[in-house]
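Contents: one structure, followed by commentary.
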Amino acid sequence: MIIKEKEEEERGWINGHPAEQLEEIPIRKGDPTKVVKIVGLLDCKVRKSLVELLEEYSDIFAWSHDEMPGIPLNLATHRLAVDATFKLVKQKRRHFNAEWNAAVQEEVDKLLKARFIKESCYPEWIANVVMVTKANGKLRMCVDYIDLNRACPKDSFPLPKIDQLIDSTVGNKLLSFMDAFSGYNQIMMHPADQDKTSFITGQGLYCYKVMPFGLKNAGATYQRLVNKLFKPLIGKSMEVYIDDMITKSQMAHQHPEDLRRTFQIIRENQIRLNPTKCPFGVAAGKFLGFMVHERGIEANPEKIKAIIELESLKTLQQA
C-alpha cells in the first residue's frame, strides 16, 4: 500500500471509497488474480446477486492491454478536421538525458506491443514527446500536439455539467463507480488521420492507431459515443462523464439489475473497464472530484488536506 493510501485509510478512505468496506473477490474461474472490489457490508441476497453478476460479465474487464478489443469502427473513430489554411508543422526532435531517453524507449515499446502505435513514414505533421514527472516520481511520456491542435477547430459537442451530475447521485442507496481501461485508447483513430498524430523520438517516427491523450477534441469524441450508447440509462440509473461512469440505485435490491443493464451495453459495444478503479455496491465514493453518498455531498479529503492537517495556534504571535 502506498503512502497516499495509508493516509487515506487513516481518514477511512482508500481511492475515495470507504476503506473498511471494500473487499476483493475473484470473478474468473481458475484465475484468483482476476479480482474486483465490492462493498463488504451488503445484504446477503444483494451480495450474492452482485457477485454472480460480476462473474457472468467478467469479460467486460481488462487487466492488460491485450484484453482490449477496441470499440468497433462503425460506432466511433476520431477524426481530425484540420484547417487547410494552417501551415504544416514538423517539430524538430528534442534531446533528452539518458534517463529520459530510456523512459521514452520503454513507453514506445509498450505502445507498440499494445498495438496502439505504428511506425510512420513521410508524415506532414510531426510532434515532440515531453516527459512529465508523476506524483509517485515516475516519468510519463506525453506528446506535444500544440501545433496540430491549433489547426483543428473546436468540436462544440457539450460535456455534462459536473454540478448536475453530482447532485443526481444524492439519495441513492447503492452506487457503483466504473472507469474505462485506458478509455481514450479504446477508440480508434480514423485511418486517414493516423499519420497526423506522428511524433518523433530518438528511435524513429511513430503515429497513433488509437485516439491518444492530448488531442483537442478527444473528450468530445468520447462523450458523443457514451451519450449515444447509454442514452436509455442516463439520468435514470446511470450518469456518464467521458470515461467515468456511475450506476446508481435508490433501492439496494435494484442495484444488481441496474448494473446488468449497464454491463450489457458495455459488453455489446466492446468497452473494457479497469477493475482496479471500479468499486461496486458502495454507499459512498468519489465521483468527478467530489465525495458523494445518500445524504449529500462532502468535500474531497484530498482537496482539503492542508486545512485538515493545519495545526492549532499555540501562541498569540501565531495568530
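By order in the C-alpha cells, chains are A, B, ...; within a chain, residues start at 1; ligands start at 1, following the order shown.
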Residues of region 242-277 of chain A that approach region 54-60 of chain A to 9 Å or less, counting only C-alpha atoms: could you list each one with the shortest pair of atoms and its distance in Å to one decimal, rows by chain and increasing residue number, as a Markdown table?
| residue | atom | partner | partner_atom | distance |
| --- | --- | --- | --- | --- |
| A:Arg260 | CA | A:Tyr57 | CA | 8.6 |
| A:Phe263 | CA | A:Tyr57 | CA | 7.0 |
| A:Gln264 | CA | A:Tyr57 | CA | 8.2 |
| A:Ile266 | CA | A:Ile60 | CA | 6.8 |
| A:Arg267 | CA | A:Ile60 | CA | 5.8 |
| A:Gln270 | CA | A:Ile60 | CA | 7.4 |
| A:Ile271 | CA | A:Ile60 | CA | 6.7 |
| A:Arg272 | CA | A:Ile60 | CA | 5.0 |
| A:Leu273 | CA | A:Ile60 | CA | 6.2 |
12 Å contact set for Ala103 (chain A), only C-alpha atoms, chain neighbours under 2 positions out, as number ranges by chain: A: 96-101, 105-110, 129-133, 138-142, 201-202
Keeping only C-alpha atoms, write the selected residues to a file as a PDB file, in the first residue's frame.
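Final file, out_29.pdb:
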ATOM      1  CA  PHE A  96      16.812  14.270 -23.535  1.00  0.00           C
ATOM      2  CA  ASN A  97      19.235  12.896 -20.978  1.00  0.00           C
ATOM      3  CA  ALA A  98      19.923   9.163 -20.720  1.00  0.00           C
ATOM      4  CA  GLU A  99      17.234   8.577 -18.077  1.00  0.00           C
ATOM      5  CA  TRP A 100      14.513  10.276 -20.114  1.00  0.00           C
ATOM      6  CA  ASN A 101      15.611   8.547 -23.328  1.00  0.00           C
ATOM      7  CA  GLN A 105      12.055   3.896 -25.329  1.00  0.00           C
ATOM      8  CA  GLU A 106      10.254   1.874 -22.663  1.00  0.00           C
ATOM      9  CA  GLU A 107       6.956   3.666 -23.349  1.00  0.00           C
ATOM     10  CA  VAL A 108       7.303   3.328 -27.127  1.00  0.00           C
ATOM     11  CA  ASP A 109       7.985  -0.400 -26.764  1.00  0.00           C
ATOM     12  CA  LYS A 110       4.915  -0.723 -24.548  1.00  0.00           C
ATOM     13  CA  VAL A 129       7.339  13.948 -26.871  1.00  0.00           C
ATOM     14  CA  VAL A 130       7.559  15.638 -23.477  1.00  0.00           C
ATOM     15  CA  MET A 131       8.370  13.951 -20.190  1.00  0.00           C
ATOM     16  CA  VAL A 132       6.261  14.671 -17.119  1.00  0.00           C
ATOM     17  CA  THR A 133       7.140  13.597 -13.588  1.00  0.00           C
ATOM     18  CA  LYS A 138       7.928   8.067 -12.179  1.00  0.00           C
ATOM     19  CA  LEU A 139       8.175   9.575 -15.640  1.00  0.00           C
ATOM     20  CA  ARG A 140       5.249   9.762 -18.030  1.00  0.00           C
ATOM     21  CA  MET A 141       5.600  10.308 -21.761  1.00  0.00           C
ATOM     22  CA  CYS A 142       3.196  12.747 -23.416  1.00  0.00           C
ATOM     23  CA  THR A 201      11.827  10.118 -30.705  1.00  0.00           C
ATOM     24  CA  GLY A 202      15.470   9.101 -30.817  1.00  0.00           C
TER      25      GLY A 202
END
Residue set, region 5-222 of chain A restricted to alpha helix (DSSP H), as a VMD selection string: chain A and resid 5 to 10 44 to 56 98 to 113 146 to 150 162 to 168 218 to 222
Neighbour list for Pro153 (chain A) as a list in words, cut-off 12 Å, only C-alpha atoms, skip fewer than 4 positions in-chain: Arg79, Leu80, Ala81, Val82, Asp83, Ala84, Thr85, Phe86, Leu148, Asn149, Phe157, Leu215, Lys216 and Asn217 of chain A
Those residues with N, CA and C atoms, as a compact mmCIF listing (two decimals), in the first residue's frame please?
# COMPACT_ATOMS: atom_id res chain seq x y z
N ARG A 79 -11.76 11.71 -35.78
CA ARG A 79 -11.34 12.43 -36.98
C ARG A 79 -10.63 13.73 -36.60
N LEU A 80 -9.72 14.16 -37.45
CA LEU A 80 -9.03 15.43 -37.28
C LEU A 80 -9.44 16.36 -38.41
N ALA A 81 -10.26 17.34 -38.08
CA ALA A 81 -10.75 18.29 -39.09
C ALA A 81 -9.74 19.43 -39.22
N VAL A 82 -8.59 19.13 -39.80
CA VAL A 82 -7.50 20.11 -39.89
C VAL A 82 -7.86 21.22 -40.89
N ASP A 83 -7.70 22.46 -40.44
CA ASP A 83 -7.93 23.63 -41.29
C ASP A 83 -6.78 23.73 -42.30
N ALA A 84 -7.09 23.63 -43.57
CA ALA A 84 -6.06 23.60 -44.61
C ALA A 84 -5.30 24.92 -44.73
N THR A 85 -5.82 25.99 -44.12
CA THR A 85 -5.12 27.28 -44.21
C THR A 85 -3.95 27.37 -43.24
N PHE A 86 -3.85 26.41 -42.30
CA PHE A 86 -2.76 26.42 -41.34
C PHE A 86 -1.51 25.78 -41.95
N LEU A 148 -0.75 20.90 -33.96
CA LEU A 148 -1.88 20.20 -34.59
C LEU A 148 -3.20 20.68 -34.00
N ASN A 149 -3.24 20.87 -32.69
CA ASN A 149 -4.47 21.33 -32.05
C ASN A 149 -4.88 22.72 -32.52
N PHE A 157 -19.32 19.83 -29.15
CA PHE A 157 -20.24 18.88 -28.51
C PHE A 157 -20.18 19.11 -27.00
N LEU A 215 -5.08 15.27 -27.72
CA LEU A 215 -5.72 15.85 -28.90
C LEU A 215 -6.89 16.73 -28.47
N LYS A 216 -7.08 17.81 -29.16
CA LYS A 216 -8.01 18.86 -28.78
C LYS A 216 -9.43 18.37 -28.53
N ASN A 217 -9.96 17.55 -29.39
CA ASN A 217 -11.37 17.18 -29.32
C ASN A 217 -11.62 15.74 -28.88
Those of region 69-236 of chain A in DSSP strand (DSSP E or B), formatted as a PyMOL selection string: chain A and resi 77-78+90+117-119+126-133+139-144+174-180+188-189+199-201+204-208+210+234
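Distance annotation: of A:Asn269, A:His253, A:Ile27, A:Lys87, the residue with the minimal separation from Glu124 (chain A) is A:Lys87; atom set is only C-alpha atoms.
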